[in-house]
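Chemist: I am sharing model_20.cif, which consists of mmCIF, C-alpha atoms and all ligand atoms:
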```cif
data_coords
#
loop_
_atom_site.label_atom_id
_atom_site.label_comp_id
_atom_site.auth_asym_id
_atom_site.auth_seq_id
_atom_site.Cartn_x
_atom_site.Cartn_y
_atom_site.Cartn_z
CA MET A 15 89.42 212.06 91.69
CA LEU A 16 91.49 208.86 91.75
CA LYS A 17 91.89 209.25 95.51
CA ARG A 18 88.13 209.68 95.89
CA ILE A 19 87.44 206.51 93.87
CA SER A 20 89.97 204.52 95.97
CA ALA A 21 88.36 205.81 99.15
CA LEU A 22 84.94 204.73 97.91
CA ILE A 23 86.25 201.26 96.98
CA LEU A 24 87.91 200.95 100.41
CA ALA A 25 84.74 202.01 102.21
CA GLY A 26 82.71 199.50 100.18
CA ALA A 27 85.19 196.70 100.91
CA THR A 28 85.14 197.44 104.64
CA ALA A 29 81.34 197.41 104.68
CA LEU A 30 81.29 194.07 102.84
CA THR A 31 83.89 192.55 105.16
CA MET A 32 81.93 193.56 108.22
CA ALA A 33 78.71 192.25 106.69
CA GLY A 34 80.50 188.93 106.17
CA CYS A 35 81.41 188.88 109.85
CA GLY A 36 77.78 189.51 110.78
CA SER A 37 78.62 192.90 112.24
CA SER A 38 75.92 195.08 113.68
CA ASP A 39 75.27 197.87 116.11
CA SER A 40 73.05 196.73 118.89
CA GLY A 41 72.37 197.76 122.42
CA SER A 42 70.91 200.96 123.73
CA GLY A 43 70.15 203.18 120.83
CA GLY A 44 73.35 202.17 119.00
CA SER A 45 75.04 205.37 117.84
CA GLY A 46 76.18 203.63 114.64
CA ASP A 47 78.96 206.21 114.65
CA SER A 48 82.00 204.83 112.88
CA SER A 49 83.91 208.11 112.90
CA GLY A 50 85.41 207.38 116.31
CA GLY A 51 85.79 209.14 119.64
CA GLY A 52 83.18 207.08 121.48
CA ALA A 53 79.42 207.61 121.50
CA LYS A 54 78.33 211.20 121.09
CA ASP A 55 75.91 210.98 124.02
CA GLY A 56 78.76 210.12 126.42
CA LYS A 57 77.99 206.40 126.57
CA ILE A 58 80.78 203.86 126.63
CA VAL A 59 81.16 202.20 123.22
CA MET A 60 82.12 198.52 123.32
CA GLY A 61 83.16 196.53 120.26
CA PHE A 62 82.38 192.86 120.85
CA ALA A 63 83.83 190.20 118.52
CA GLN A 64 81.83 187.02 119.07
CA VAL A 65 83.02 183.54 118.03
CA GLY A 66 79.91 182.60 116.05
CA ALA A 67 76.58 180.88 116.63
CA GLU A 68 77.84 177.30 116.82
CA SER A 69 75.93 176.13 119.89
CA GLY A 70 72.99 176.74 122.21
CA TRP A 71 75.54 178.03 124.73
CA ARG A 72 76.79 180.63 122.26
CA THR A 73 73.25 181.80 121.41
CA ALA A 74 72.55 182.29 125.13
CA ASN A 75 75.87 184.12 125.58
CA THR A 76 75.18 186.51 122.68
CA LYS A 77 71.65 187.28 123.90
CA ASP A 78 72.95 187.93 127.41
CA ILE A 79 75.69 190.27 126.21
CA GLN A 80 73.26 192.26 124.07
CA GLU A 81 70.71 192.53 126.90
CA THR A 82 73.18 193.41 129.63
CA ALA A 83 74.89 196.05 127.47
CA LYS A 84 71.50 197.69 127.03
CA GLU A 85 70.79 197.52 130.77
CA ALA A 86 74.22 198.97 131.58
CA GLY A 87 73.78 201.84 129.10
CA ILE A 88 76.70 200.62 127.00
CA ASP A 89 76.60 201.21 123.25
CA LEU A 90 77.42 197.77 121.79
CA LYS A 91 78.91 197.12 118.38
CA PHE A 92 78.60 193.39 117.77
CA SER A 93 80.14 191.09 115.17
CA ASP A 94 79.79 187.34 114.59
CA ALA A 95 83.01 185.73 113.26
CA GLN A 96 81.36 182.51 112.09
CA GLN A 97 84.04 180.49 113.94
CA LYS A 98 86.85 182.04 111.85
CA GLN A 99 89.83 183.73 113.48
CA GLU A 100 90.45 185.96 110.44
CA ASN A 101 86.92 187.38 110.79
CA GLN A 102 87.50 188.13 114.46
CA ILE A 103 90.78 189.88 113.66
CA LYS A 104 89.03 191.97 110.96
CA ALA A 105 86.29 192.90 113.43
CA ILE A 106 88.84 193.92 116.10
CA ARG A 107 90.74 196.03 113.55
CA SER A 108 87.50 197.71 112.54
CA TYR A 109 86.76 198.50 116.21
CA ILE A 110 90.24 200.00 116.53
CA GLN A 111 89.57 202.16 113.45
CA GLN A 112 86.25 203.24 114.94
CA LYS A 113 88.07 204.21 118.16
CA VAL A 114 85.65 202.37 120.43
CA ASP A 115 86.23 202.80 124.17
CA VAL A 116 86.76 199.11 124.92
CA ILE A 117 87.04 195.88 122.93
CA ALA A 118 85.79 192.56 124.28
CA PHE A 119 86.09 189.26 122.51
CA SER A 120 85.88 185.52 122.95
CA PRO A 121 88.85 184.16 120.96
CA VAL A 122 87.88 181.31 118.66
CA VAL A 123 91.34 179.74 119.12
CA GLU A 124 94.08 180.37 121.68
CA SER A 125 97.04 181.35 119.50
CA GLY A 126 97.81 184.07 116.96
CA TRP A 127 96.49 187.18 118.72
CA ASP A 128 99.61 189.14 119.66
CA THR A 129 99.76 191.38 116.56
CA VAL A 130 96.17 192.59 116.70
CA LEU A 131 96.25 192.93 120.49
CA LYS A 132 99.38 195.10 120.15
CA GLU A 133 97.53 197.24 117.60
CA ALA A 134 94.74 197.78 120.17
CA GLN A 135 97.31 198.56 122.87
CA ASN A 136 99.08 201.09 120.61
CA ALA A 137 95.71 202.72 119.95
CA LYS A 138 95.19 202.83 123.76
CA ILE A 139 92.00 200.78 123.55
CA PRO A 140 91.66 198.35 126.47
CA VAL A 141 90.79 194.74 125.65
CA ILE A 142 88.80 192.30 127.79
CA LEU A 143 88.84 188.58 127.06
CA THR A 144 85.56 186.82 127.75
CA ASP A 145 84.82 183.09 127.84
CA ARG A 146 88.01 181.87 126.11
CA ALA A 147 91.69 182.58 126.74
CA VAL A 148 94.61 183.48 124.46
CA ASP A 149 98.07 181.95 124.87
CA SER A 150 99.93 185.30 124.63
CA GLN A 151 102.91 185.47 126.99
CA ASP A 152 102.45 189.23 127.31
CA THR A 153 99.49 189.54 129.65
CA SER A 154 99.62 193.35 129.45
CA LEU A 155 97.92 192.97 126.04
CA TYR A 156 94.56 192.57 127.77
CA LYS A 157 93.14 193.99 130.99
CA THR A 158 91.34 190.95 132.31
CA PHE A 159 90.01 187.53 131.35
CA LEU A 160 86.46 186.71 132.45
CA GLY A 161 85.38 183.11 131.93
CA SER A 162 85.18 179.52 133.11
CA ASP A 163 87.97 177.29 134.32
CA PHE A 164 87.83 174.73 131.50
CA ILE A 165 90.49 172.47 133.03
CA GLU A 166 88.35 172.19 136.13
CA GLU A 167 85.31 171.37 133.96
CA GLY A 168 87.23 168.51 132.31
CA LYS A 169 88.34 167.26 135.72
CA LYS A 170 84.75 167.27 137.02
CA ALA A 171 83.68 165.15 134.03
CA GLY A 172 86.54 162.72 134.63
CA GLN A 173 85.86 162.52 138.36
CA TRP A 174 82.20 161.62 137.81
CA LEU A 175 83.32 158.77 135.57
CA VAL A 176 85.90 157.53 138.06
CA ASP A 177 83.24 157.55 140.79
CA GLN A 178 80.70 155.72 138.60
CA TYR A 179 83.09 152.87 137.85
CA LYS A 180 84.86 152.71 141.21
CA ASP A 181 83.56 149.21 142.00
CA SER A 182 84.24 147.76 138.55
CA LYS A 183 87.42 146.03 137.44
CA ASP A 184 86.37 145.86 133.77
CA ASP A 185 87.97 147.94 131.07
CA VAL A 186 86.05 151.12 130.16
CA ASN A 187 86.23 152.27 126.54
CA ILE A 188 85.79 156.01 126.15
CA VAL A 189 85.34 158.13 123.04
CA GLN A 190 85.82 161.87 123.18
CA LEU A 191 84.16 164.52 121.02
CA GLU A 192 86.49 167.50 121.24
CA GLY A 193 85.48 171.11 120.72
CA THR A 194 86.96 173.38 118.04
CA THR A 195 90.59 172.46 117.41
CA GLY A 196 92.95 174.92 119.07
CA SER A 197 90.25 176.54 121.23
CA ALA A 198 90.78 176.95 124.96
CA PRO A 199 87.73 174.88 125.98
CA ALA A 200 88.77 171.99 123.71
CA ASN A 201 92.38 172.03 124.89
CA ASP A 202 91.56 172.42 128.57
CA ARG A 203 88.53 170.12 128.87
CA LYS A 204 90.55 167.41 127.15
CA SER A 205 93.59 167.80 129.39
CA GLY A 206 91.53 168.10 132.60
CA PHE A 207 89.49 164.99 131.78
CA GLU A 208 92.46 162.93 130.63
CA GLU A 209 94.51 163.85 133.70
CA VAL A 210 91.82 162.36 135.97
CA VAL A 211 90.91 159.21 134.02
CA LYS A 212 94.47 158.31 133.06
CA ALA A 213 95.27 157.76 136.73
CA ASP A 214 93.39 154.43 136.46
CA PRO A 215 94.57 152.02 133.69
CA LYS A 216 91.11 150.47 133.24
CA PHE A 217 90.00 153.65 131.41
CA HIS A 218 90.92 153.71 127.72
CA ILE A 219 90.31 156.67 125.43
CA ILE A 220 89.92 154.68 122.24
CA ALA A 221 89.03 157.58 119.91
CA SER A 222 89.15 161.36 120.17
CA GLN A 223 88.24 163.82 117.44
CA SER A 224 86.90 167.34 116.99
CA GLY A 225 83.18 167.87 116.43
CA ASP A 226 83.71 171.66 116.29
CA PHE A 227 81.15 172.26 119.08
CA THR A 228 78.24 171.73 116.63
CA ARG A 229 75.36 169.26 116.69
CA ALA A 230 75.84 168.26 113.02
CA LYS A 231 79.54 167.55 113.43
CA GLY A 232 78.93 165.74 116.72
CA LYS A 233 76.54 163.39 114.94
CA GLU A 234 78.88 162.85 111.99
CA VAL A 235 81.94 162.08 114.13
CA MET A 236 79.97 159.82 116.48
CA GLU A 237 78.69 157.84 113.49
CA ALA A 238 82.30 157.28 112.44
CA PHE A 239 83.28 156.30 116.01
CA LEU A 240 80.45 153.76 116.14
CA LYS A 241 81.45 152.23 112.81
CA SER A 242 85.06 151.65 113.80
CA ASN A 243 84.56 150.84 117.50
CA PRO A 244 81.90 148.26 118.39
CA ASP A 245 82.54 148.43 122.16
CA ILE A 246 82.06 152.02 123.27
CA ASP A 247 81.09 152.33 126.94
CA VAL A 248 81.29 156.09 127.45
CA LEU A 249 81.13 159.30 125.43
CA TRP A 250 82.67 162.52 126.79
CA ALA A 251 81.45 165.36 124.57
CA HIS A 252 82.98 168.79 125.18
CA ASN A 253 79.55 170.43 124.84
CA ASP A 254 75.84 169.61 124.91
CA ASP A 255 75.33 170.23 121.20
CA MET A 256 77.87 167.61 120.13
CA GLY A 257 76.41 165.25 122.73
CA LEU A 258 72.91 165.80 121.31
CA GLY A 259 74.16 165.13 117.78
CA ALA A 260 75.88 161.99 119.06
CA ILE A 261 72.63 160.80 120.66
CA GLU A 262 71.04 160.81 117.19
CA ALA A 263 73.97 158.75 115.87
CA ILE A 264 73.74 156.29 118.78
CA GLU A 265 69.98 155.85 118.31
CA GLY A 266 70.55 155.48 114.57
CA ALA A 267 72.96 152.63 115.32
CA GLY A 268 70.25 150.87 117.36
CA LYS A 269 71.82 151.58 120.77
CA VAL A 270 70.30 153.31 123.77
CA PRO A 271 72.02 156.57 124.76
CA GLY A 272 72.54 156.87 128.51
CA LYS A 273 72.34 153.07 128.94
CA ASP A 274 74.38 151.24 126.30
CA ILE A 275 76.68 154.22 126.11
CA LYS A 276 76.99 156.56 129.10
CA ILE A 277 77.21 160.20 128.08
CA ILE A 278 78.88 163.15 129.82
CA THR A 279 78.70 166.65 128.34
CA ALA A 280 79.56 170.25 129.25
CA ASP A 281 77.38 173.43 129.23
CA ALA A 282 73.96 172.58 130.78
CA THR A 283 71.88 174.38 128.15
CA HIS A 284 68.14 173.78 128.14
CA ASP A 285 68.28 171.05 125.45
CA GLY A 286 71.17 169.32 127.19
CA MET A 287 69.38 169.41 130.54
CA GLN A 288 66.21 168.02 128.94
CA ALA A 289 68.22 165.08 127.55
CA LEU A 290 69.74 164.59 131.02
CA ALA A 291 66.30 164.63 132.63
CA ASP A 292 65.15 162.10 129.98
CA GLY A 293 68.08 159.80 130.83
CA LYS A 294 69.81 160.14 127.44
CA ILE A 295 72.72 162.07 128.98
CA ASN A 296 74.06 160.87 132.36
CA PHE A 297 75.97 163.87 133.72
CA ILE A 298 76.52 167.51 132.72
CA VAL A 299 79.28 169.84 133.82
CA GLU A 300 77.94 173.38 133.78
CA CYS A 301 79.61 176.14 131.75
CA ASN A 302 77.83 179.42 132.45
CA PRO A 303 77.23 181.67 129.39
CA LEU A 304 75.55 184.43 131.43
CA MET A 305 78.60 186.60 132.04
CA GLY A 306 77.31 189.81 130.42
CA LYS A 307 76.58 191.65 133.69
CA GLN A 308 80.10 191.00 134.98
CA LEU A 309 81.55 191.98 131.60
CA MET A 310 79.75 195.33 131.55
CA GLU A 311 80.89 196.09 135.12
CA LEU A 312 84.48 195.25 134.22
CA ALA A 313 84.25 197.34 131.04
CA LYS A 314 83.09 200.41 132.97
CA LYS A 315 85.98 200.03 135.42
CA VAL A 316 88.56 199.49 132.70
CA VAL A 317 87.36 202.53 130.72
CA ASN A 318 87.48 204.64 133.92
CA GLY A 319 91.07 203.54 134.50
CA GLU A 320 90.22 201.53 137.64
CA GLN A 321 92.17 198.38 138.57
CA VAL A 322 90.51 195.06 137.75
CA PRO A 323 91.67 191.51 138.57
CA GLN A 324 93.70 189.81 135.81
CA ARG A 325 91.39 186.78 136.00
CA VAL A 326 87.72 186.48 136.94
CA VAL A 327 86.40 182.91 137.06
CA THR A 328 82.66 182.34 136.54
CA GLU A 329 80.73 180.26 139.07
CA GLU A 330 79.62 176.82 137.90
CA THR A 331 78.24 173.53 139.14
CA THR A 332 77.41 170.03 137.83
CA PHE A 333 74.09 168.21 137.25
CA THR A 334 72.85 164.66 137.70
CA GLN A 335 69.53 163.47 136.25
CA GLU A 336 67.63 164.27 139.48
CA GLN A 337 69.13 167.74 139.72
CA ALA A 338 68.29 168.42 136.05
CA LYS A 339 64.64 167.53 136.64
CA GLU A 340 64.56 169.89 139.60
CA VAL A 341 66.10 172.95 137.94
CA LEU A 342 64.76 172.58 134.38
CA PRO A 343 61.58 174.65 134.90
CA SER A 344 63.58 177.66 136.08
CA ARG A 345 66.54 177.28 133.71
CA LYS A 346 67.32 180.59 131.98
CA TYR A 347 69.05 179.18 128.89
O1 LIG A 401 83.72 178.55 124.96
C1 LIG A 401 82.60 177.94 125.50
C2 LIG A 401 82.17 176.82 124.64
O2 LIG A 401 81.94 177.28 123.33
C3 LIG A 401 80.91 176.11 125.03
O3 LIG A 401 81.09 175.01 125.83
C4 LIG A 401 80.41 175.65 123.71
O4 LIG A 401 79.11 175.18 123.70
C5 LIG A 401 80.69 176.84 122.90
O5 LIG A 401 80.55 176.69 121.57
#
```
How would this structure read if it were set down as structure tokens?

Modeler:
Amino acid sequence: MLKRISALILAGATALTMAGCGSSDSGSGGSGDSSGGGAKDGKIVMGFAQVGAESGWRTANTKDIQETAKEAGIDLKFSDAQQKQENQIKAIRSYIQQKVDVIAFSPVVESGWDTVLKEAQNAKIPVILTDRAVDSQDTSLYKTFLGSDFIEEGKKAGQWLVDQYKDSKDDVNIVQLEGTTGSAPANDRKSGFEEVVKADPKFHIIASQSGDFTRAKGKEVMEAFLKSNPDIDVLWAHNDDMGLGAIEAIEGAGKVPGKDIKIITADATHDGMQALADGKINFIVECNPLMGKQLMELAKKVVNGEQVPQRVVTEETTFTQEQAKEVLPSRKY
């Protein structure tokens, strides 16, 4: 009897935990089978542990993964970690318990994954990293990493700036809105950008702080930057959402975004591209969230025991104001 009560409490706690992580079955038919052994109808079961819903990019990424899983006939179990690593770890452990065929996740931060990845390996469940990397030395812990080259994105942002100011001898004061502390895109976009601009001593990064990839935090941090730094020439925001929040702060301070303060962002979501077309943002480095189709293809191969490349880099470009105006009508996200 005691055992039965404990089992009930445990089952209740697990259900609550997963509800807290925003877990759900979605995709084609969703077996909802938590007893393990893969879907009963022979479909591949994928457990996907998403970062959260922090940005327009993330919303587009989630939608794409759910749609492409359906198209590929993959039974998707989806959880939203609300930007918390502990929620992602709980979700991955739950997928291991459920004996899914493959686990995919976009790690909120780079470090601290070895233990749970070893648990997946011991359970013989292959793992695919999407969008963001982990810093594990043991690369056998995951089958492949599909996502952008964030260092390259940072370099593209820096190079645009260098080109813009090539004929000027004046000092250029830059503020940087970093993404989530410890995340691969924040670490890499920062280092890529700084590597390029630091080659010329006229560029000064006078303030740099995390805005957690959200619009609200981007606005809040930019307000603080504006209060303590009267002479900001350029803002490099690690994503569109923080840049859009910062635009509100800049306008609130009586300055003109895109003119008084030049703005560079990453992502190229619809709202970001609209602000670029309107002249409030000056340059956007694309980060493509539509990687679901590639992910489903990789998942099928991995589950079938086929070889896949250790690294698959997504294709990306950059946008000026003119280019944004041109592509906006056909933009998918
Ligand atoms: O990991 C990709 C980044 O995460 C995107 O640039 C950002 O918008 C998202 O939150």

Chemist: Do you have the atom CA of A:Glu124-atom CA of A:Gln111 distance handy?

Modeler: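 A separation of 23.7 Å between them.
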
Chemist: List all protein, DNA and RNA residues that have any atom at most 6 Å from ligand LIG 401 (chain A), counting only C-alpha atoms and all ligand atoms, and write the list as a VMD selection string.

Modeler: chain A and resid 68 to 69 71 to 72 145 to 146 199 227 253 281

Chemist: In Å, how far is it from atom CA of A:Phe119 to atom CA of A:Ser224?

Modeler: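 Between these atoms lies a distance of 22.6 Å.
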
Chemist: What is the distance between atom CA of A:Val341 and atom CA of A:Lys169, in Å to one decimal?

Modeler: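 Interatomic distance, atom CA of A:Val341 to atom CA of A:Lys169: 23.1 Å.
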
Chemist: Please work out which residues fall within 10 Å of (81.4, 155.2, 123.7), coordinates as given in the file, with only C-alpha atoms counting, and return them as a list in words.

Modeler: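 Looking at atoms near the point gives Val186, Asn187, Ile188, Val189, Gln190, Ile219, Ile220, Ala221, Met236, Phe239, Leu240, Asn243, Pro244, Asp245, Ile246, Asp247, Val248, Leu249, Trp250, Ala260, Ile264, Pro271, Asp274, Ile275, Lys276 and Ile277 of chain A.
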
Chemist: Using only C-alpha atoms, which protein or nucleic acid residues come within 9 Å of A:Gly286? Drop anything in the same chain fewer than 5 positions from it, and give the result as a CSV table (one decimal) with C-alpha atoms, in the frame of the given file.

Modeler:
```csv
chain,number,residue,atom,x,y,z
A,253,ASN,CA,79.6,170.4,124.8
A,254,ASP,CA,75.8,169.6,124.9
A,255,ASP,CA,75.3,170.2,121.2
A,257,GLY,CA,76.4,165.2,122.7
A,258,LEU,CA,72.9,165.8,121.3
A,279,THR,CA,78.7,166.6,128.3
A,280,ALA,CA,79.6,170.2,129.2
A,281,ASP,CA,77.4,173.4,129.2
A,291,ALA,CA,66.3,164.6,132.6
A,295,ILE,CA,72.7,162.1,129.0
A,298,ILE,CA,76.5,167.5,132.7
```

Chemist: Identify, on the basis of only C-alpha atoms, every residue whose closest approach to A:Lys339 does not exceed 12 Å; exclude the query and any residue fewer than 2 positions from it along the same chain; express the result as a list in words.

Modeler: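 So, after excluding close chain neighbours, the residues are His284, Gly286, Met287, Gln288, Ala289, Leu290, Ala291, Asp292, Gly293, Phe333, Thr334, Gln335, Glu336, Gln337, Val341, Leu342, Pro343, Ser344 and Arg345 of chain A.
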
Chemist: Write the selection just made, keeping C-alpha atoms, as a JSON list (two decimals), in the coordinates of the input?

Modeler:
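Below you can see selection-v6.json, which holds the result:
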```
[["chain", "number", "residue", "atom", "x", "y", "z"],
["A", 284, "HIS", "CA", 68.14, 173.78, 128.14],
["A", 286, "GLY", "CA", 71.17, 169.32, 127.19],
["A", 287, "MET", "CA", 69.38, 169.41, 130.54],
["A", 288, "GLN", "CA", 66.21, 168.02, 128.94],
["A", 289, "ALA", "CA", 68.22, 165.08, 127.55],
["A", 290, "LEU", "CA", 69.74, 164.59, 131.02],
["A", 291, "ALA", "CA", 66.30, 164.63, 132.63],
["A", 292, "ASP", "CA", 65.15, 162.10, 129.98],
["A", 293, "GLY", "CA", 68.08, 159.80, 130.83],
["A", 333, "PHE", "CA", 74.09, 168.21, 137.25],
["A", 334, "THR", "CA", 72.85, 164.66, 137.70],
["A", 335, "GLN", "CA", 69.53, 163.47, 136.25],
["A", 336, "GLU", "CA", 67.63, 164.27, 139.48],
["A", 337, "GLN", "CA", 69.13, 167.74, 139.72],
["A", 341, "VAL", "CA", 66.10, 172.95, 137.94],
["A", 342, "LEU", "CA", 64.76, 172.58, 134.38],
["A", 343, "PRO", "CA", 61.58, 174.65, 134.90],
["A", 344, "SER", "CA", 63.58, 177.66, 136.08],
["A", 345, "ARG", "CA", 66.54, 177.28, 133.71]]
```

Chemist: Given all atoms listed in the file, how would the per-residue table for stretch 133-159 of chain A near stretch 310-326 of chain A read, listing every residue at most 8 Å away with its closest atom pair and distance in Å to one decimal, sorted by chain and number, as CSV?

Modeler:
```
residue,atom,partner,partner_atom,distance
A:Pro140,CA,A:Val316,CA,7.1
A:Ile142,CA,A:Ala313,CA,7.5
A:Lys157,CA,A:Gln324,CA,6.4
A:Thr158,CA,A:Gln324,CA,4.4
A:Phe159,CA,A:Arg325,CA,4.9
```

Chemist: Which one of A:Thr82, A:Asn136, A:Gln102, A:Asn296 sits closest to A:Leu155 if you count only C-alpha atoms?

Modeler: A:Asn136

Chemist: Using all atoms listed in the file, determine which residues lie at most 10 Å from A:Pro121, disregarding the query and same-chain residues fewer than 6 positions distant; provide the list as a tab-separated table (two decimals) with C-alpha atoms, in the frame of the given file.

Modeler:
```
chain	number	residue	atom	x	y	z
A	63	ALA	CA	83.83	190.20	118.52
A	64	GLN	CA	81.83	187.02	119.07
A	65	VAL	CA	83.02	183.54	118.03
A	95	ALA	CA	83.01	185.73	113.26
A	97	GLN	CA	84.04	180.49	113.94
A	98	LYS	CA	86.85	182.04	111.85
A	99	GLN	CA	89.83	183.73	113.48
A	102	GLN	CA	87.50	188.13	114.46
A	103	ILE	CA	90.78	189.88	113.66
A	127	TRP	CA	96.49	187.18	118.72
A	143	LEU	CA	88.84	188.58	127.06
A	144	THR	CA	85.56	186.82	127.75
A	145	ASP	CA	84.82	183.09	127.84
A	146	ARG	CA	88.01	181.87	126.11
A	147	ALA	CA	91.69	182.58	126.74
A	148	VAL	CA	94.61	183.48	124.46
A	197	SER	CA	90.25	176.54	121.23
A	198	ALA	CA	90.78	176.95	124.96
```
